Structure formats: C-alpha cells, structure tokens
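Since the structure comes first, as structure tokens, the remarks are kept for the end.
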2 protein chains.
Amino acid sequence: MAKHFQRELEKIKKSILTLGALVEDRVRLAIKSIDKRDADIAEQIIRMDYEIDEMEVDIEEECLKVLALHQPVAVDLRFLVSVIKINNDLERIADETVNIAHRVKTISKNRDFKFIFDYATMAEKASTMLKMSLDAMVRLDTDTAFKVCLMDDDVDVFVGRAYEQLKQSICAMPDDTGVLINMFLISRHIERIGDHATNIAEEVIYVTDGEIVRHGKF
Amino acid sequence: MAKHFQRELEKIKKSILTLGALVEDRVRLAIKSIDKRDADIAEQIIRMDYEIDEMEVDIEEECLKVLALHQPVAVDLRFLVSVIKINNDLERIADETVNIAHRVKTISKNRDFKFIFDYATMAEKASTMLKMSLDAMVRLDTDTAFKVCLMDDDVDVFVGRAYEQLKQSICAMPDDTGVLINMFLISRHIERIGDHATNIAEEVIYVTDGEIVRHGKF
C-alpha cells in the first residue's frame, strides 16, 4: 500500500511538472508573439489552451483520488493540497498567455508602431520566475522559492514604468491610444504571470517549511 | 467520531461564510470609495486587509487539520478541497478591493472629474455575483451557481465598453490621461471580482454535481 502510494505521488509530481513545462512553453510563445506581433502564433496559443485546461482537470481529479484512497497525513497531505493550488495557478498563467494572445491579435496590424516599453526584459523576468518556482517545487528548495518572492517586486516596477510611459505616449500620440492601451495591458498580463509564479513559490515554502509566507509576512 | 467530524465541518462552513460576508462588506466599501472618491475609506480598506489574510490562513489550516484527522472521502473530501479553493478566491477578491482602494487614493484629488463609465451598475453586478455565489455555496444550489457563471459575460461587456470610452476620452482629454487610466483599471479590478465569484460558483457546481464546468464546458 505504502509503495503504491509513493508511486501515485511520483505520478502526480510528474504530471504537475509536465503541465509546468507546457505552461512555460506557452509563456515563451506568448513573448515571441509580442516580439514579432505575430497573429498566427497568437491564434495558436488560443487554439491550444484546451490542452492545459484538460490537464488541470485531470491532475485535480488524480489528487482527489489519491486523497480518498490513501488518506495521507502530514507532509504528504500538505503536498497534495499544494499541488491542487499550484495546478490552479499554472492554469491561470496559461489563461494570461491567452489574454496576451488576444491583445497581440489586436495590435498585430500595427507592426510599424515602435514598442515604447521594455517588454522583453519584463517578460524574461516573469518567465524566469515561473521556471525558478517550478525548479523550487521539484527540489523542494526554499532558497530558490524565496528568491522568486523577492523578484515579484522587480516585475511590479516594470508595470509602474509602463504606466508612466503610457501616460506620456498617449498625450504625445492620442491617435494611437488603442494600440498603446493594448500594449500597456500586456504588461499587466505579464505582471499576473509573475504573481502566479510567486503563489507557486509561496506554496513550495509552505509545503517544505510549513511556514505561511503569503501576505508578505516574511 | 462521526459526530465530531460533522461538528468540524459545520465549523468550517461557518468560518468560510463569515469570511465571505466580510469580503462582501469590503466590496461594498470599495464601491462606496469609488462613488465618493473617498481616500479615507480607501485607506481603511487597505489597513484592514490583514484581517482577511489571517482568516484565510486560519481556514486553510483548519481544513488541513480536518483532512488529516478525519480522512474524509467522497462528498466530504470534495467539499473540503472546494473550501480551500473558495477561501483562496475570497482572499483574492479582498486583494482586488485593496487594488481599487489604491487607485481611488490616486484619483481622489480629482473629485470634479466626471466619471465616464457606468461603474455603479458594473460594480453592483459583480457584487451581486459574489453574494449569489456565496448563497449558492450555503444551499449547495447549482441553479444559482449556474446563473452566476452566465452573469460573468455581462461584466465583461462593461469592461469592453469602459475600454472604448477610455479610448475616446483620452483622445478628447489627453491631459487627464492619468485619471482616465486609473478609472479604466478600476473596471478591470471589478471584472476580476466577477471572475473570482465565477470560480466560487463553479466550485459549488463541482462539489454538488461532481461536474467540471470550468473552462466553459457547460
């Protein structure tokens, strides 16, 4: 029974990592679609989102089954509940890539319009946060998880800058308001990807140390 | 043991409803702060947020304890996992009221500036969705929960309208871009309150019917 339970846990760990890798790919694809303002890539992200949705449902079902069958306690129970929450955050990161894709589709006609925000650096940061939070999860590495929590502020700084630049640009180019707002909203979606990566990192700390770091209490 | 377990479940149900009522109050307060552009109310919302944060942590701990001690299966297990997720959504709704409060503080100096979006109706709708989702949870009423899911589209329509109005207003009043963007972002925060209420409603349907309605599959 114990052996069977360990196998089930390993299977779930594998599943959540597979989902994590897939979501990482989507984030990379979303960044590429912004860079190239490529409506085709954007369309592809939207079309493939069902795969992530299905995986999320499957993983939650799997966790519930293991909870019911093996009735784990202590660390294992906490781990399974954390997987349910991380699963949810991963699916929502994928939703944000879909949101980005919709915005890219809208602005893809304005390829000549120069980007005024430093999306590349911001998106790279959020993407690194996601990667690190998943690494932290695999290795139950709280140091890396803490680093992710601290990086969240850096991403927020970019949103603040994007907002200031938006204000200035709109005043200078009121006719391009539509494109500019869409570009600004892309920065908000990237910010939310960073937020979800932080949630994942906080869960890792919680499952490892049993310490609640949510709500800025560290 | 069974009696003790039922008492624990009742206690958790009560706790999540208390949290729900408190979050409903915060949403009402946030709407009032927008209406009156009142920085004092906004400050109050920000200052009190720790209460919600603490309650969320307590409820999750409580659920984990009951899961470990009583090792429930079937409906009870599913209920407890749903409470953990609903708890999370409620806390995030409170976060959105804090976000609104920060924006209200920024625009509170521009009391004379006429609001161009119909915030009142939109906020009322999101607030009703939250109320209905909590009612649905208490009575495990899937009909009400389904209604909430359908209402989400109405809120999204308001955001679309706010966006169009923002574009027009910024072109007409480029000097007021800062206020206008903050007002637009308030509409996005209200939208997210509606999204979280929908998540709660979907959980209610899931725990009641065991049917996955997430990802628009109904």
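Convention: chains lettered A, B, ... in structure tokens order; per-chain residue numbering from 1; ligands numbered from 1 as shown.
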
Fitted copy of chain A on chain B, all Cα, as a PDB file with C-alpha atoms, in the first residue's frame:
```
ATOM      1  CA  MET A   1     -16.082  10.427  15.793  1.00  0.00           C
ATOM      2  CA  ALA A   2     -18.684  10.935  13.028  1.00  0.00           C
ATOM      3  CA  LYS A   3     -20.507  13.467  15.183  1.00  0.00           C
ATOM      4  CA  HIS A   4     -17.274  15.254  15.974  1.00  0.00           C
ATOM      5  CA  PHE A   5     -16.425  15.300  12.260  1.00  0.00           C
ATOM      6  CA  GLN A   6     -19.821  16.794  11.388  1.00  0.00           C
ATOM      7  CA  ARG A   7     -19.249  19.478  14.001  1.00  0.00           C
ATOM      8  CA  GLU A   8     -15.869  20.287  12.474  1.00  0.00           C
ATOM      9  CA  LEU A   9     -17.413  20.518   9.009  1.00  0.00           C
ATOM     10  CA  GLU A  10     -20.125  22.860  10.310  1.00  0.00           C
ATOM     11  CA  LYS A  11     -17.461  24.996  11.938  1.00  0.00           C
ATOM     12  CA  ILE A  12     -15.540  25.275   8.678  1.00  0.00           C
ATOM     13  CA  LYS A  13     -18.713  26.093   6.777  1.00  0.00           C
ATOM     14  CA  LYS A  14     -19.415  28.844   9.289  1.00  0.00           C
ATOM     15  CA  SER A  15     -15.870  30.198   9.007  1.00  0.00           C
ATOM     16  CA  ILE A  16     -15.919  30.397   5.205  1.00  0.00           C
ATOM     17  CA  LEU A  17     -19.304  32.139   5.340  1.00  0.00           C
ATOM     18  CA  THR A  18     -18.005  34.637   7.881  1.00  0.00           C
ATOM     19  CA  LEU A  19     -15.057  35.330   5.578  1.00  0.00           C
ATOM     20  CA  GLY A  20     -17.460  35.618   2.630  1.00  0.00           C
ATOM     21  CA  ALA A  21     -19.607  38.161   4.495  1.00  0.00           C
ATOM     22  CA  LEU A  22     -16.526  40.164   5.426  1.00  0.00           C
ATOM     23  CA  VAL A  23     -15.289  40.174   1.826  1.00  0.00           C
ATOM     24  CA  GLU A  24     -18.761  41.236   0.655  1.00  0.00           C
ATOM     25  CA  ASP A  25     -18.503  44.184   3.053  1.00  0.00           C
ATOM     26  CA  ARG A  26     -15.134  45.126   1.609  1.00  0.00           C
ATOM     27  CA  VAL A  27     -16.551  45.081  -1.917  1.00  0.00           C
ATOM     28  CA  ARG A  28     -19.399  47.347  -0.789  1.00  0.00           C
ATOM     29  CA  LEU A  29     -16.868  49.648   0.869  1.00  0.00           C
ATOM     30  CA  ALA A  30     -14.735  49.702  -2.279  1.00  0.00           C
ATOM     31  CA  ILE A  31     -17.759  50.701  -4.383  1.00  0.00           C
ATOM     32  CA  LYS A  32     -18.549  53.457  -1.884  1.00  0.00           C
ATOM     33  CA  SER A  33     -14.959  54.704  -2.060  1.00  0.00           C
ATOM     34  CA  ILE A  34     -15.233  54.912  -5.877  1.00  0.00           C
ATOM     35  CA  ASP A  35     -18.591  56.669  -5.719  1.00  0.00           C
ATOM     36  CA  LYS A  36     -17.381  59.297  -3.303  1.00  0.00           C
ATOM     37  CA  ARG A  37     -13.748  59.204  -4.407  1.00  0.00           C
ATOM     38  CA  ASP A  38     -13.039  58.998  -0.718  1.00  0.00           C
ATOM     39  CA  ALA A  39      -9.366  58.497   0.186  1.00  0.00           C
ATOM     40  CA  ASP A  40     -10.259  57.857   3.854  1.00  0.00           C
ATOM     41  CA  ILE A  41     -12.475  54.866   3.032  1.00  0.00           C
ATOM     42  CA  ALA A  42      -9.765  53.651   0.635  1.00  0.00           C
ATOM     43  CA  GLU A  43      -7.177  53.899   3.398  1.00  0.00           C
ATOM     44  CA  GLN A  44      -9.474  51.973   5.722  1.00  0.00           C
ATOM     45  CA  ILE A  45      -9.803  49.114   3.171  1.00  0.00           C
ATOM     46  CA  ILE A  46      -6.019  48.892   2.828  1.00  0.00           C
ATOM     47  CA  ARG A  47      -5.467  49.004   6.589  1.00  0.00           C
ATOM     48  CA  MET A  48      -7.988  46.262   7.355  1.00  0.00           C
ATOM     49  CA  ASP A  49      -6.820  43.778   4.716  1.00  0.00           C
ATOM     50  CA  TYR A  50      -4.655  41.872   7.212  1.00  0.00           C
ATOM     51  CA  GLU A  51      -7.834  40.584   8.874  1.00  0.00           C
ATOM     52  CA  ILE A  52      -8.879  38.801   5.679  1.00  0.00           C
ATOM     53  CA  ASP A  53      -5.352  37.457   5.183  1.00  0.00           C
ATOM     54  CA  GLU A  54      -5.314  35.998   8.676  1.00  0.00           C
ATOM     55  CA  MET A  55      -8.747  34.426   8.286  1.00  0.00           C
ATOM     56  CA  GLU A  56      -7.698  32.797   4.999  1.00  0.00           C
ATOM     57  CA  VAL A  57      -4.642  31.212   6.624  1.00  0.00           C
ATOM     58  CA  ASP A  58      -6.713  30.011   9.605  1.00  0.00           C
ATOM     59  CA  ILE A  59      -9.397  28.430   7.407  1.00  0.00           C
ATOM     60  CA  GLU A  60      -6.833  26.575   5.292  1.00  0.00           C
ATOM     61  CA  GLU A  61      -5.106  25.288   8.410  1.00  0.00           C
ATOM     62  CA  GLU A  62      -8.458  24.169   9.782  1.00  0.00           C
ATOM     63  CA  CYS A  63      -9.259  22.273   6.560  1.00  0.00           C
ATOM     64  CA  LEU A  64      -5.868  20.543   6.583  1.00  0.00           C
ATOM     65  CA  LYS A  65      -6.352  19.530  10.210  1.00  0.00           C
ATOM     66  CA  VAL A  66      -9.779  18.020   9.484  1.00  0.00           C
ATOM     67  CA  LEU A  67      -8.432  16.249   6.380  1.00  0.00           C
ATOM     68  CA  ALA A  68      -5.611  14.725   8.436  1.00  0.00           C
ATOM     69  CA  LEU A  69      -7.678  13.827  11.496  1.00  0.00           C
ATOM     70  CA  HIS A  70     -10.874  12.521   9.909  1.00  0.00           C
ATOM     71  CA  GLN A  71      -9.632  11.430   6.495  1.00  0.00           C
ATOM     72  CA  PRO A  72     -12.941  12.079   4.776  1.00  0.00           C
ATOM     73  CA  VAL A  73     -13.835  10.579   1.414  1.00  0.00           C
ATOM     74  CA  ALA A  74     -16.339  11.265  -1.380  1.00  0.00           C
ATOM     75  CA  VAL A  75     -18.536  14.348  -0.905  1.00  0.00           C
ATOM     76  CA  ASP A  76     -16.860  15.478   2.328  1.00  0.00           C
ATOM     77  CA  LEU A  77     -13.380  15.306   0.832  1.00  0.00           C
ATOM     78  CA  ARG A  78     -14.521  17.196  -2.224  1.00  0.00           C
ATOM     79  CA  PHE A  79     -16.229  19.772  -0.017  1.00  0.00           C
ATOM     80  CA  LEU A  80     -13.072  20.428   2.004  1.00  0.00           C
ATOM     81  CA  VAL A  81     -10.894  20.799  -1.093  1.00  0.00           C
ATOM     82  CA  SER A  82     -13.499  23.186  -2.517  1.00  0.00           C
ATOM     83  CA  VAL A  83     -13.423  25.254   0.665  1.00  0.00           C
ATOM     84  CA  ILE A  84      -9.631  25.576   0.315  1.00  0.00           C
ATOM     85  CA  LYS A  85     -10.093  26.900  -3.218  1.00  0.00           C
ATOM     86  CA  ILE A  86     -13.052  29.177  -2.408  1.00  0.00           C
ATOM     87  CA  ASN A  87     -11.081  30.518   0.564  1.00  0.00           C
ATOM     88  CA  ASN A  88      -8.307  31.440  -1.853  1.00  0.00           C
ATOM     89  CA  ASP A  89     -10.715  33.180  -4.232  1.00  0.00           C
ATOM     90  CA  LEU A  90     -12.272  35.179  -1.395  1.00  0.00           C
ATOM     91  CA  GLU A  91      -8.882  36.380  -0.276  1.00  0.00           C
ATOM     92  CA  ARG A  92      -8.079  37.442  -3.820  1.00  0.00           C
ATOM     93  CA  ILE A  93     -11.355  39.356  -4.093  1.00  0.00           C
ATOM     94  CA  ALA A  94     -10.257  41.258  -0.994  1.00  0.00           C
ATOM     95  CA  ASP A  95      -6.921  41.917  -2.749  1.00  0.00           C
ATOM     96  CA  GLU A  96      -8.852  43.447  -5.641  1.00  0.00           C
ATOM     97  CA  THR A  97     -10.664  45.780  -3.239  1.00  0.00           C
ATOM     98  CA  VAL A  98      -7.224  46.844  -1.986  1.00  0.00           C
ATOM     99  CA  ASN A  99      -6.174  47.470  -5.602  1.00  0.00           C
ATOM    100  CA  ILE A 100      -9.306  49.567  -6.127  1.00  0.00           C
ATOM    101  CA  ALA A 101      -8.545  51.457  -2.904  1.00  0.00           C
ATOM    102  CA  HIS A 102      -5.044  52.349  -4.146  1.00  0.00           C
ATOM    103  CA  ARG A 103      -6.514  53.682  -7.412  1.00  0.00           C
ATOM    104  CA  VAL A 104      -9.195  55.639  -5.548  1.00  0.00           C
ATOM    105  CA  LYS A 105      -6.466  57.242  -3.434  1.00  0.00           C
ATOM    106  CA  THR A 106      -4.714  58.331  -6.631  1.00  0.00           C
ATOM    107  CA  ILE A 107      -7.811  59.837  -8.224  1.00  0.00           C
ATOM    108  CA  SER A 108      -9.352  61.236  -5.029  1.00  0.00           C
ATOM    109  CA  LYS A 109      -7.786  64.628  -5.748  1.00  0.00           C
ATOM    110  CA  ASN A 110      -9.844  64.911  -8.945  1.00  0.00           C
ATOM    111  CA  ARG A 111     -13.277  64.976  -7.377  1.00  0.00           C
ATOM    112  CA  ASP A 112     -14.630  67.330 -10.008  1.00  0.00           C
ATOM    113  CA  PHE A 113     -13.745  65.020 -12.858  1.00  0.00           C
ATOM    114  CA  LYS A 114     -16.957  63.399 -14.084  1.00  0.00           C
ATOM    115  CA  PHE A 115     -16.969  59.610 -14.242  1.00  0.00           C
ATOM    116  CA  ILE A 116     -17.435  58.496 -17.818  1.00  0.00           C
ATOM    117  CA  PHE A 117     -18.097  54.792 -17.191  1.00  0.00           C
ATOM    118  CA  ASP A 118     -21.107  53.264 -15.565  1.00  0.00           C
ATOM    119  CA  TYR A 119     -19.139  51.890 -12.600  1.00  0.00           C
ATOM    120  CA  ALA A 120     -22.157  51.761 -10.338  1.00  0.00           C
ATOM    121  CA  THR A 121     -24.030  49.208 -12.484  1.00  0.00           C
ATOM    122  CA  MET A 122     -20.923  47.142 -13.183  1.00  0.00           C
ATOM    123  CA  ALA A 123     -19.828  47.059  -9.548  1.00  0.00           C
ATOM    124  CA  GLU A 124     -23.370  46.242  -8.469  1.00  0.00           C
ATOM    125  CA  LYS A 125     -23.354  43.280 -10.867  1.00  0.00           C
ATOM    126  CA  ALA A 126     -20.027  41.923  -9.600  1.00  0.00           C
ATOM    127  CA  SER A 127     -21.179  42.401  -6.022  1.00  0.00           C
ATOM    128  CA  THR A 128     -24.427  40.522  -6.759  1.00  0.00           C
ATOM    129  CA  MET A 129     -22.405  37.703  -8.347  1.00  0.00           C
ATOM    130  CA  LEU A 130     -20.364  37.387  -5.169  1.00  0.00           C
ATOM    131  CA  LYS A 131     -23.477  37.391  -2.994  1.00  0.00           C
ATOM    132  CA  MET A 132     -25.177  34.795  -5.196  1.00  0.00           C
ATOM    133  CA  SER A 133     -22.115  32.544  -5.318  1.00  0.00           C
ATOM    134  CA  LEU A 134     -21.947  32.553  -1.511  1.00  0.00           C
ATOM    135  CA  ASP A 135     -25.696  31.879  -1.280  1.00  0.00           C
ATOM    136  CA  ALA A 136     -25.246  29.026  -3.750  1.00  0.00           C
ATOM    137  CA  MET A 137     -22.456  27.667  -1.553  1.00  0.00           C
ATOM    138  CA  VAL A 138     -24.571  27.701   1.619  1.00  0.00           C
ATOM    139  CA  ARG A 139     -27.524  25.987  -0.018  1.00  0.00           C
ATOM    140  CA  LEU A 140     -25.461  23.890  -2.456  1.00  0.00           C
ATOM    141  CA  ASP A 141     -27.753  25.371  -5.074  1.00  0.00           C
ATOM    142  CA  THR A 142     -26.436  24.678  -8.573  1.00  0.00           C
ATOM    143  CA  ASP A 143     -29.165  26.719 -10.302  1.00  0.00           C
ATOM    144  CA  THR A 144     -27.976  29.901  -8.638  1.00  0.00           C
ATOM    145  CA  ALA A 145     -24.362  28.902  -9.278  1.00  0.00           C
ATOM    146  CA  PHE A 146     -25.067  28.460 -12.996  1.00  0.00           C
ATOM    147  CA  LYS A 147     -26.699  31.902 -13.083  1.00  0.00           C
ATOM    148  CA  VAL A 148     -23.511  33.415 -11.656  1.00  0.00           C
ATOM    149  CA  CYS A 149     -21.432  31.747 -14.390  1.00  0.00           C
ATOM    150  CA  LEU A 150     -23.683  33.271 -17.032  1.00  0.00           C
ATOM    151  CA  MET A 151     -23.546  36.737 -15.441  1.00  0.00           C
ATOM    152  CA  ASP A 152     -19.785  36.842 -15.914  1.00  0.00           C
ATOM    153  CA  ASP A 153     -20.243  37.717 -19.582  1.00  0.00           C
ATOM    154  CA  ASP A 154     -22.335  40.770 -18.624  1.00  0.00           C
ATOM    155  CA  VAL A 155     -19.478  42.120 -16.517  1.00  0.00           C
ATOM    156  CA  ASP A 156     -17.040  41.542 -19.371  1.00  0.00           C
ATOM    157  CA  VAL A 157     -19.281  43.602 -21.649  1.00  0.00           C
ATOM    158  CA  PHE A 158     -18.889  46.523 -19.243  1.00  0.00           C
ATOM    159  CA  VAL A 159     -15.091  46.262 -19.409  1.00  0.00           C
ATOM    160  CA  GLY A 160     -15.292  46.345 -23.199  1.00  0.00           C
ATOM    161  CA  ARG A 161     -17.429  49.478 -22.989  1.00  0.00           C
ATOM    162  CA  ALA A 162     -15.100  51.068 -20.440  1.00  0.00           C
ATOM    163  CA  TYR A 163     -12.197  50.419 -22.811  1.00  0.00           C
ATOM    164  CA  GLU A 164     -13.984  52.077 -25.749  1.00  0.00           C
ATOM    165  CA  GLN A 165     -14.940  55.031 -23.593  1.00  0.00           C
ATOM    166  CA  LEU A 166     -11.394  55.318 -22.294  1.00  0.00           C
ATOM    167  CA  LYS A 167     -10.007  55.469 -25.822  1.00  0.00           C
ATOM    168  CA  GLN A 168     -12.439  58.197 -26.831  1.00  0.00           C
ATOM    169  CA  SER A 169     -11.988  60.202 -23.645  1.00  0.00           C
ATOM    170  CA  ILE A 170      -8.208  60.106 -23.777  1.00  0.00           C
ATOM    171  CA  CYS A 171      -8.257  61.430 -27.322  1.00  0.00           C
ATOM    172  CA  ALA A 172     -10.614  64.199 -26.238  1.00  0.00           C
ATOM    173  CA  MET A 173      -8.837  64.962 -22.958  1.00  0.00           C
ATOM    174  CA  PRO A 174      -5.197  63.853 -23.246  1.00  0.00           C
ATOM    175  CA  ASP A 175      -4.255  65.923 -20.188  1.00  0.00           C
ATOM    176  CA  ASP A 176      -6.460  63.766 -17.984  1.00  0.00           C
ATOM    177  CA  THR A 177      -4.869  60.513 -19.162  1.00  0.00           C
ATOM    178  CA  GLY A 178      -3.679  59.600 -15.658  1.00  0.00           C
ATOM    179  CA  VAL A 179      -7.121  59.822 -14.048  1.00  0.00           C
ATOM    180  CA  LEU A 180      -8.752  58.109 -17.000  1.00  0.00           C
ATOM    181  CA  ILE A 181      -6.387  55.129 -16.930  1.00  0.00           C
ATOM    182  CA  ASN A 182      -6.893  54.723 -13.193  1.00  0.00           C
ATOM    183  CA  MET A 183     -10.624  54.742 -13.729  1.00  0.00           C
ATOM    184  CA  PHE A 184     -10.302  52.168 -16.484  1.00  0.00           C
ATOM    185  CA  LEU A 185      -8.131  49.957 -14.292  1.00  0.00           C
ATOM    186  CA  ILE A 186     -10.819  50.090 -11.606  1.00  0.00           C
ATOM    187  CA  SER A 187     -13.130  48.446 -14.148  1.00  0.00           C
ATOM    188  CA  ARG A 188     -10.524  45.674 -14.573  1.00  0.00           C
ATOM    189  CA  HIS A 189     -10.397  45.100 -10.816  1.00  0.00           C
ATOM    190  CA  ILE A 190     -14.200  44.858 -10.700  1.00  0.00           C
ATOM    191  CA  GLU A 191     -14.018  42.402 -13.606  1.00  0.00           C
ATOM    192  CA  ARG A 192     -11.641  40.243 -11.585  1.00  0.00           C
ATOM    193  CA  ILE A 193     -14.038  40.262  -8.631  1.00  0.00           C
ATOM    194  CA  GLY A 194     -16.638  38.857 -11.046  1.00  0.00           C
ATOM    195  CA  ASP A 195     -14.099  36.254 -12.230  1.00  0.00           C
ATOM    196  CA  HIS A 196     -13.428  35.066  -8.693  1.00  0.00           C
ATOM    197  CA  ALA A 197     -17.174  34.924  -7.931  1.00  0.00           C
ATOM    198  CA  THR A 198     -17.495  32.733 -11.036  1.00  0.00           C
ATOM    199  CA  ASN A 199     -14.701  30.477  -9.761  1.00  0.00           C
ATOM    200  CA  ILE A 200     -16.617  30.094  -6.485  1.00  0.00           C
ATOM    201  CA  ALA A 201     -19.846  29.278  -8.362  1.00  0.00           C
ATOM    202  CA  GLU A 202     -18.009  26.690 -10.483  1.00  0.00           C
ATOM    203  CA  GLU A 203     -16.653  25.085  -7.334  1.00  0.00           C
ATOM    204  CA  VAL A 204     -20.185  24.899  -5.910  1.00  0.00           C
ATOM    205  CA  ILE A 205     -21.389  23.105  -9.054  1.00  0.00           C
ATOM    206  CA  TYR A 206     -18.377  20.824  -8.850  1.00  0.00           C
ATOM    207  CA  VAL A 207     -18.887  19.926  -5.219  1.00  0.00           C
ATOM    208  CA  THR A 208     -22.628  19.414  -5.726  1.00  0.00           C
ATOM    209  CA  ASP A 209     -22.824  17.635  -9.042  1.00  0.00           C
ATOM    210  CA  GLY A 210     -19.259  16.451  -9.365  1.00  0.00           C
ATOM    211  CA  GLU A 211     -19.329  18.091 -12.762  1.00  0.00           C
ATOM    212  CA  ILE A 212     -16.439  20.123 -14.096  1.00  0.00           C
ATOM    213  CA  VAL A 213     -17.832  23.356 -15.489  1.00  0.00           C
ATOM    214  CA  ARG A 214     -14.535  25.169 -15.518  1.00  0.00           C
ATOM    215  CA  HIS A 215     -13.153  26.135 -18.892  1.00  0.00           C
ATOM    216  CA  GLY A 216     -16.564  26.959 -20.363  1.00  0.00           C
ATOM    217  CA  LYS A 217     -17.612  23.364 -20.755  1.00  0.00           C
ATOM    218  CA  PHE A 218     -21.269  23.889 -19.854  1.00  0.00           C
TER     219      PHE A 218
END
```

Among region 70-181 of chain B, which ones does DSSP place in helix (DSSP H, G or I), written as a ChimeraX atom specification? /B:70,74-107,119-139,142-172,174-181

Based on the selection just made, write C-alpha atoms of those residues as an mmCIF file, in the first residue's frame.
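Result saved to part33.cif:
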```cif
data_model
loop_
_atom_site.group_PDB
_atom_site.id
_atom_site.type_symbol
_atom_site.label_atom_id
_atom_site.label_comp_id
_atom_site.auth_asym_id
_atom_site.auth_seq_id
_atom_site.Cartn_x
_atom_site.Cartn_y
_atom_site.Cartn_z
ATOM 1 C CA HIS B 70 -10.857 12.529 9.914
ATOM 2 C CA ALA B 74 -16.329 11.267 -1.386
ATOM 3 C CA VAL B 75 -18.533 14.330 -0.897
ATOM 4 C CA ASP B 76 -16.857 15.464 2.329
ATOM 5 C CA LEU B 77 -13.372 15.299 0.834
ATOM 6 C CA ARG B 78 -14.507 17.187 -2.227
ATOM 7 C CA PHE B 79 -16.235 19.771 -0.023
ATOM 8 C CA LEU B 80 -13.065 20.428 1.990
ATOM 9 C CA VAL B 81 -10.890 20.804 -1.105
ATOM 10 C CA SER B 82 -13.502 23.180 -2.526
ATOM 11 C CA VAL B 83 -13.427 25.251 0.663
ATOM 12 C CA ILE B 84 -9.643 25.589 0.317
ATOM 13 C CA LYS B 85 -10.096 26.896 -3.223
ATOM 14 C CA ILE B 86 -13.048 29.177 -2.408
ATOM 15 C CA ASN B 87 -11.088 30.527 0.572
ATOM 16 C CA ASN B 88 -8.304 31.444 -1.861
ATOM 17 C CA ASP B 89 -10.726 33.188 -4.223
ATOM 18 C CA LEU B 90 -12.283 35.179 -1.393
ATOM 19 C CA GLU B 91 -8.884 36.399 -0.273
ATOM 20 C CA ARG B 92 -8.083 37.440 -3.823
ATOM 21 C CA ILE B 93 -11.356 39.355 -4.083
ATOM 22 C CA ALA B 94 -10.251 41.262 -0.984
ATOM 23 C CA ASP B 95 -6.918 41.925 -2.749
ATOM 24 C CA GLU B 96 -8.855 43.443 -5.636
ATOM 25 C CA THR B 97 -10.683 45.785 -3.236
ATOM 26 C CA VAL B 98 -7.228 46.851 -1.982
ATOM 27 C CA ASN B 99 -6.171 47.466 -5.597
ATOM 28 C CA ILE B 100 -9.303 49.562 -6.114
ATOM 29 C CA ALA B 101 -8.536 51.458 -2.903
ATOM 30 C CA HIS B 102 -5.040 52.351 -4.152
ATOM 31 C CA ARG B 103 -6.498 53.689 -7.409
ATOM 32 C CA VAL B 104 -9.189 55.648 -5.550
ATOM 33 C CA LYS B 105 -6.471 57.238 -3.441
ATOM 34 C CA THR B 106 -4.708 58.331 -6.638
ATOM 35 C CA ILE B 107 -7.808 59.846 -8.233
ATOM 36 C CA TYR B 119 -19.148 51.879 -12.612
ATOM 37 C CA ALA B 120 -22.166 51.757 -10.357
ATOM 38 C CA THR B 121 -24.029 49.202 -12.493
ATOM 39 C CA MET B 122 -20.916 47.153 -13.194
ATOM 40 C CA ALA B 123 -19.830 47.061 -9.554
ATOM 41 C CA GLU B 124 -23.375 46.231 -8.487
ATOM 42 C CA LYS B 125 -23.365 43.289 -10.877
ATOM 43 C CA ALA B 126 -20.029 41.927 -9.613
ATOM 44 C CA SER B 127 -21.190 42.405 -6.036
ATOM 45 C CA THR B 128 -24.433 40.524 -6.779
ATOM 46 C CA MET B 129 -22.411 37.711 -8.357
ATOM 47 C CA LEU B 130 -20.373 37.386 -5.178
ATOM 48 C CA LYS B 131 -23.477 37.396 -2.998
ATOM 49 C CA MET B 132 -25.185 34.795 -5.198
ATOM 50 C CA SER B 133 -22.113 32.550 -5.314
ATOM 51 C CA LEU B 134 -21.964 32.554 -1.503
ATOM 52 C CA ASP B 135 -25.711 31.883 -1.274
ATOM 53 C CA ALA B 136 -25.246 29.030 -3.741
ATOM 54 C CA MET B 137 -22.473 27.665 -1.556
ATOM 55 C CA VAL B 138 -24.586 27.703 1.607
ATOM 56 C CA ARG B 139 -27.530 25.999 -0.017
ATOM 57 C CA THR B 142 -26.426 24.683 -8.566
ATOM 58 C CA ASP B 143 -29.160 26.715 -10.307
ATOM 59 C CA THR B 144 -27.965 29.907 -8.631
ATOM 60 C CA ALA B 145 -24.355 28.915 -9.269
ATOM 61 C CA PHE B 146 -25.063 28.465 -12.993
ATOM 62 C CA LYS B 147 -26.704 31.902 -13.081
ATOM 63 C CA VAL B 148 -23.503 33.418 -11.649
ATOM 64 C CA CYS B 149 -21.424 31.762 -14.387
ATOM 65 C CA LEU B 150 -23.691 33.282 -17.028
ATOM 66 C CA MET B 151 -23.548 36.748 -15.429
ATOM 67 C CA ASP B 152 -19.782 36.851 -15.901
ATOM 68 C CA ASP B 153 -20.241 37.721 -19.580
ATOM 69 C CA ASP B 154 -22.334 40.779 -18.625
ATOM 70 C CA VAL B 155 -19.470 42.124 -16.513
ATOM 71 C CA ASP B 156 -17.022 41.537 -19.369
ATOM 72 C CA VAL B 157 -19.274 43.605 -21.651
ATOM 73 C CA PHE B 158 -18.882 46.537 -19.240
ATOM 74 C CA VAL B 159 -15.089 46.266 -19.403
ATOM 75 C CA GLY B 160 -15.271 46.329 -23.197
ATOM 76 C CA ARG B 161 -17.412 49.457 -23.003
ATOM 77 C CA ALA B 162 -15.089 51.070 -20.445
ATOM 78 C CA TYR B 163 -12.197 50.418 -22.825
ATOM 79 C CA GLU B 164 -13.979 52.063 -25.752
ATOM 80 C CA GLN B 165 -14.947 55.042 -23.607
ATOM 81 C CA LEU B 166 -11.393 55.312 -22.293
ATOM 82 C CA LYS B 167 -10.010 55.456 -25.828
ATOM 83 C CA GLN B 168 -12.447 58.191 -26.841
ATOM 84 C CA SER B 169 -11.983 60.197 -23.637
ATOM 85 C CA ILE B 170 -8.201 60.097 -23.778
ATOM 86 C CA CYS B 171 -8.249 61.424 -27.323
ATOM 87 C CA ALA B 172 -10.618 64.194 -26.249
ATOM 88 C CA PRO B 174 -5.192 63.864 -23.250
ATOM 89 C CA ASP B 175 -4.249 65.920 -20.184
ATOM 90 C CA ASP B 176 -6.463 63.755 -17.996
ATOM 91 C CA THR B 177 -4.880 60.505 -19.162
ATOM 92 C CA GLY B 178 -3.688 59.589 -15.649
ATOM 93 C CA VAL B 179 -7.131 59.806 -14.056
ATOM 94 C CA LEU B 180 -8.761 58.110 -17.004
ATOM 95 C CA ILE B 181 -6.398 55.138 -16.940
#
```
